[in-house]
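**Q** query_29.cif is reproduced in full below (mmCIF, C-alpha atoms).
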```cif
data_upload
#
loop_
_atom_site.label_atom_id
_atom_site.label_comp_id
_atom_site.auth_asym_id
_atom_site.auth_seq_id
_atom_site.Cartn_x
_atom_site.Cartn_y
_atom_site.Cartn_z
CA MET A 16 0.00 0.00 0.00
CA GLU A 17 1.47 3.34 -1.06
CA GLN A 18 1.52 6.18 1.46
CA PRO A 19 2.59 9.78 0.90
CA GLY A 20 5.82 10.99 2.46
CA GLU A 21 7.93 14.11 2.58
CA THR A 22 11.53 15.26 2.30
CA ASP A 23 13.42 16.91 5.17
CA ASP A 24 12.50 20.26 3.62
CA GLY A 25 8.82 19.45 4.01
CA GLU A 26 8.20 18.86 0.32
CA ALA A 27 5.29 16.46 -0.13
CA ILE A 28 5.82 13.27 -2.10
CA GLN A 29 2.56 11.58 -3.04
CA ASN A 30 3.92 8.37 -4.55
CA PRO A 31 7.18 6.78 -5.81
CA GLU A 32 6.57 7.84 -9.40
CA LYS A 33 6.46 11.50 -8.35
CA LEU A 34 9.60 11.07 -6.27
CA TRP A 35 11.66 9.63 -9.11
CA GLU A 36 10.30 12.29 -11.49
CA GLN A 37 11.39 15.04 -9.08
CA GLN A 38 14.81 13.52 -8.55
CA ARG A 39 15.61 12.87 -12.22
CA ASP A 40 18.69 14.66 -13.62
CA ALA A 41 18.63 16.64 -16.86
CA ASP A 42 20.17 13.68 -18.69
CA GLY A 43 17.38 11.39 -17.50
CA SER A 44 19.51 9.53 -14.97
CA HIS A 45 19.40 9.54 -11.16
CA SER A 46 23.12 10.05 -10.64
CA SER A 47 22.57 12.98 -8.29
CA TRP A 48 20.24 10.87 -6.16
CA TYR A 49 22.95 8.26 -5.64
CA ARG A 50 25.63 10.88 -5.01
CA LYS A 51 23.50 12.49 -2.31
CA ALA A 52 22.95 9.15 -0.61
CA VAL A 53 26.67 8.34 -0.60
CA GLY A 54 27.44 11.90 0.51
CA TYR A 55 25.19 11.43 3.53
CA TRP A 56 27.05 8.31 4.64
CA ASP A 57 30.40 9.91 3.92
CA GLN A 58 29.60 12.34 6.74
CA GLN A 59 28.67 9.69 9.31
CA GLU A 60 30.99 8.30 11.95
CA ALA A 61 32.72 5.09 10.86
CA SER A 62 31.44 3.04 13.78
CA TYR A 63 28.53 0.75 14.67
CA ASN A 64 26.78 3.73 16.23
CA GLY A 65 27.39 5.81 13.12
CA VAL A 66 26.02 3.30 10.62
CA LEU A 67 23.02 2.56 12.85
CA GLY A 68 22.00 6.21 13.10
CA GLY A 69 22.91 6.54 16.78
CA PHE A 70 21.28 3.24 17.73
CA GLY A 71 24.42 1.13 18.00
CA TYR A 72 22.99 -0.67 21.00
CA VAL A 73 20.54 -2.56 18.75
CA SER A 74 23.38 -4.37 16.94
CA ASP A 75 23.42 -7.44 19.17
CA LEU A 76 19.65 -7.90 18.91
CA ASP A 77 19.76 -7.45 15.14
CA VAL A 78 22.55 -9.99 14.77
CA ALA A 79 20.78 -12.53 17.00
CA ASP A 80 17.57 -12.32 14.95
CA SER A 81 19.48 -12.53 11.67
CA ARG A 82 21.44 -15.53 12.90
CA GLN A 83 18.19 -17.34 13.65
CA LEU A 84 17.07 -16.65 10.08
CA LEU A 85 20.31 -17.98 8.59
CA ASP A 86 20.37 -21.04 10.84
CA LYS A 87 16.87 -21.94 9.67
CA ALA A 88 17.27 -21.08 5.99
CA LEU A 89 20.72 -22.68 5.61
CA LYS A 90 20.38 -25.62 7.97
CA ALA A 91 21.39 -28.22 5.37
CA HIS A 92 24.17 -26.05 3.94
CA ILE A 93 25.63 -25.39 7.40
CA ALA A 94 25.63 -29.11 8.17
CA GLU A 95 27.45 -29.85 4.92
CA ALA A 96 29.97 -27.08 5.62
CA ALA A 97 30.67 -28.58 9.04
CA LYS A 98 31.50 -31.87 7.31
CA GLY A 99 33.79 -30.10 4.85
CA THR A 100 31.61 -30.96 1.83
CA ARG A 101 30.40 -27.42 1.10
CA LYS A 102 32.11 -24.01 1.07
CA LEU A 103 29.88 -21.18 2.19
CA VAL A 104 30.53 -17.73 0.67
CA ALA A 105 28.52 -14.55 1.29
CA LEU A 106 28.26 -11.05 -0.17
CA ASP A 107 27.43 -8.27 2.31
CA CYS A 108 25.68 -5.45 0.40
CA GLY A 109 25.68 -1.98 1.93
CA ALA A 110 28.36 -3.35 4.23
CA GLY A 111 29.23 -0.08 5.98
CA VAL A 112 32.01 -0.63 8.53
CA GLY A 113 31.68 -4.41 8.32
CA ARG A 114 29.33 -4.85 11.26
CA VAL A 115 27.20 -7.55 9.65
CA THR A 116 30.23 -9.23 8.10
CA LYS A 117 32.08 -9.46 11.40
CA GLU A 118 29.25 -10.25 13.78
CA LEU A 119 26.93 -12.35 11.59
CA LEU A 120 28.45 -13.65 8.38
CA LEU A 121 32.07 -14.56 9.17
CA PRO A 122 31.15 -16.97 11.98
CA LEU A 123 29.19 -18.97 9.38
CA PHE A 124 30.77 -18.28 6.00
CA MET A 125 34.32 -19.20 5.05
CA GLU A 126 34.60 -16.19 2.76
CA VAL A 127 32.72 -12.88 2.78
CA ASP A 128 32.95 -10.08 0.21
CA LEU A 129 31.84 -6.56 1.11
CA LEU A 130 30.03 -4.11 -1.20
CA GLU A 131 29.83 -0.49 -0.01
CA PRO A 132 29.71 2.86 -1.91
CA SER A 133 31.12 5.06 0.90
CA LYS A 134 34.92 4.91 0.78
CA HIS A 135 35.58 5.96 4.34
CA LEU A 136 33.18 3.33 5.69
CA LEU A 137 34.66 0.63 3.48
CA ASP A 138 38.21 1.64 4.47
CA ALA A 139 37.21 1.33 8.13
CA ALA A 140 35.71 -2.10 7.46
CA GLU A 141 38.82 -3.36 5.71
CA LYS A 142 41.10 -2.06 8.46
CA SER A 143 38.95 -3.58 11.19
CA LEU A 144 38.47 -6.97 9.55
CA LYS A 145 42.05 -7.43 8.44
CA ASN A 146 43.46 -6.40 11.83
CA ASN A 147 40.87 -8.23 13.90
CA ARG A 148 42.67 -10.28 16.54
CA LYS A 149 39.57 -10.89 18.66
CA SER A 150 37.53 -12.61 16.02
CA ASN A 151 34.67 -14.91 16.97
CA SER A 152 35.02 -16.63 13.58
CA PRO A 153 36.47 -20.11 13.01
CA PRO A 154 40.07 -20.32 11.76
CA GLY A 155 40.32 -19.79 8.01
CA HIS A 156 37.21 -17.64 7.73
CA ALA A 157 38.02 -14.25 6.21
CA ALA A 158 36.77 -11.13 4.47
CA VAL A 159 38.22 -11.41 0.97
CA ASN A 160 37.09 -8.67 -1.43
CA PHE A 161 36.17 -5.07 -0.61
CA TYR A 162 34.16 -3.55 -3.48
CA LEU A 163 33.69 0.24 -3.58
CA ALA A 164 30.38 0.47 -5.47
CA GLY A 165 26.62 0.68 -5.08
CA LEU A 166 24.12 -2.07 -5.78
CA GLN A 167 22.89 -0.29 -8.90
CA GLU A 168 26.33 -0.37 -10.57
CA HIS A 169 28.12 -3.41 -9.20
CA THR A 170 29.01 -6.29 -11.51
CA PHE A 171 28.44 -9.46 -9.52
CA ALA A 172 30.87 -12.38 -9.70
CA PRO A 173 29.00 -15.26 -11.37
CA GLN A 174 27.87 -18.11 -9.10
CA ARG A 175 30.27 -17.20 -6.30
CA TYR A 176 27.87 -16.78 -3.39
CA THR A 177 25.79 -19.04 -1.20
CA VAL A 178 24.03 -15.96 0.18
CA VAL A 179 23.72 -12.36 -0.99
CA TRP A 180 22.85 -10.35 2.14
CA VAL A 181 21.12 -6.99 1.53
CA GLN A 182 20.29 -5.13 4.74
CA TRP A 183 18.75 -1.68 5.10
CA CYS A 184 20.01 -0.28 1.80
CA LEU A 185 17.28 -1.00 -0.76
CA LEU A 186 15.63 2.35 -0.01
CA TYR A 187 18.51 4.08 -1.82
CA LEU A 188 17.75 2.30 -5.10
CA THR A 189 15.39 3.98 -7.52
CA ASP A 190 12.58 1.84 -8.88
CA GLY A 191 14.72 1.49 -11.99
CA GLY A 192 17.63 0.40 -9.78
CA GLN A 193 15.52 -2.20 -8.02
CA GLN A 194 13.57 -3.65 -10.91
CA PRO A 195 14.12 -5.53 -12.95
CA ASP A 196 17.86 -5.19 -13.54
CA SER A 197 19.47 -5.15 -10.09
CA GLN A 198 17.25 -7.82 -8.55
CA GLN A 199 17.50 -9.97 -11.67
CA ARG A 200 21.31 -9.72 -11.63
CA VAL A 201 21.29 -10.90 -8.00
CA HIS A 202 19.08 -13.89 -8.74
CA ASP A 203 20.63 -14.91 -12.05
CA GLY A 204 24.29 -14.03 -11.64
CA PRO A 205 26.15 -14.34 -8.33
CA LEU A 206 24.25 -17.12 -6.57
CA ARG A 207 25.44 -20.70 -6.61
CA PRO A 208 22.85 -23.44 -7.19
CA GLY A 209 20.74 -23.60 -4.07
CA GLY A 210 21.88 -20.13 -2.93
CA ASP A 211 19.63 -17.44 -1.47
CA ALA A 212 19.28 -13.66 -1.55
CA ALA A 213 18.23 -12.24 1.83
CA ALA A 214 16.86 -8.70 2.00
CA LEU A 215 16.12 -6.91 5.29
CA GLN A 216 14.57 -3.48 4.90
CA ARG A 217 12.73 -0.95 7.01
CA GLU A 218 9.97 1.25 5.66
CA ALA A 219 9.48 4.95 6.37
CA THR A 220 7.40 7.86 5.14
CA GLN A 221 10.34 10.22 5.62
CA PHE A 222 13.73 9.99 3.97
CA PRO A 223 17.08 10.13 5.87
CA GLN A 224 18.24 13.70 6.36
CA GLY A 225 20.57 14.74 3.55
CA ALA A 226 19.58 11.86 1.28
CA VAL A 227 16.95 13.87 -0.61
#
```
Please go through the file and, once you have read it, give me the structure as structure tokens.
**A**
Amino acid sequence: MEQPGETDDGEAIQNPEKLWEQQRDADGSHSSWYRKAVGYWDQQEASYNGVLGGFGYVSDLDVADSRQLLDKALKAHIAEAAKGTRKLVALDCGAGVGRVTKELLLPLFMEVDLLEPSKHLLDAAEKSLKNNRKSNSPPGHAAVNFYLAGLQEHTFAPQRYTVVWVQWCLLYLTDGGQQPDSQQRVHDGPLRPGGDAAALQREATQFPQGAV
């Protein structure tokens, strides 16, 4: 069900079509929209608290709920990995400072790639994950690739991933960025046979300050 929303300046937005029409550049693209979104995150603190909008204390609860989801969805895969008959690999989209990679994905997946459009957040993630001496991950599990790009532009490695994890970043994709191209590339390209794409997203009638 569509509901009207508004920008931080109080400008009314009646529906998604009107939003994308208002945000369209002169050349017909939405490049400015994506630049504004990245610019917002470029100004945030490179920490759990920063990427969670000042609510860093919810991280443990979020990770616990997400772990339950993965344990249920990947029960057979996890059992095979424990026997050494399956290699689990994940892609963390909108990875920020590597919170989800470190706390959720690396304990389960042997390899994790990170995809993040904000350079200073991605740099913090790489530094943290590569220098992490207090890891709760099994030996041999590691963050491998750090991709500086957004979902709408990234070229996914074919059939590399058991899981593509997309958390709280779909709101930055235009309708054209979400359908059909980006979602279709996730389902057809990077997933191994039997793999899954998991998307966790919150809904709001107001947009993050600075993003619009």
**Q** I'd like the interatomic distance between atom CA of Val78 of chain A and atom CA of Arg114 of chain A, to a tenth of an Å.
**A** 9.2 Å
**Q** Decode the PyMOL selection byres ((chain A and resi 31-44) around 9) for the given file into explicit residues and return them as a PyMOL selection string.
**A** chain A and resi 17+19+28-30+45-48+189-190+227
**Q** Have a look at A:Arg175, A:Arg207, A:His135, A:Arg82 and name the one nearest to Glu118 of chain A; count only C-alpha atoms.
**A**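 Using only C-alpha atoms, the shortest distance to Glu118 of chain A belongs to A:Arg82.
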**Q** I need the residue nearest Leu85 of chain A from this list: A:Asn151, A:Val159, A:Leu119, A:Arg101. Use all atoms listed in the file for the distance.
**A** A:Leu119
**Q** Work out how far atom CA of Met125 of chain A is from atom CA of Thr100 of chain A, in Å to one decimal.
**A**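 Distance between the two atoms: 12.5 Å.
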**Q** Identify the residues around (24.6, -15.7, 2.3) within a radius of 6 Å, measuring from all atoms listed in the file in the coordinates stated by the file, and give them as a ChimeraX atom specification.
**A** /A:105,177-180
**Q** Find the smallest box with edges along x, y and z containing every listed atom of segment 45-60 of chain A, then add 5 Å on each side and report centre and edge lengths in Å to one decimal, as AutoDock Vina command-line options.
**A**
```
--center_x 25.2 --center_y 10.6 --center_z 0.4 --size_x 21.6 --size_y 14.7 --size_z 33.1
```
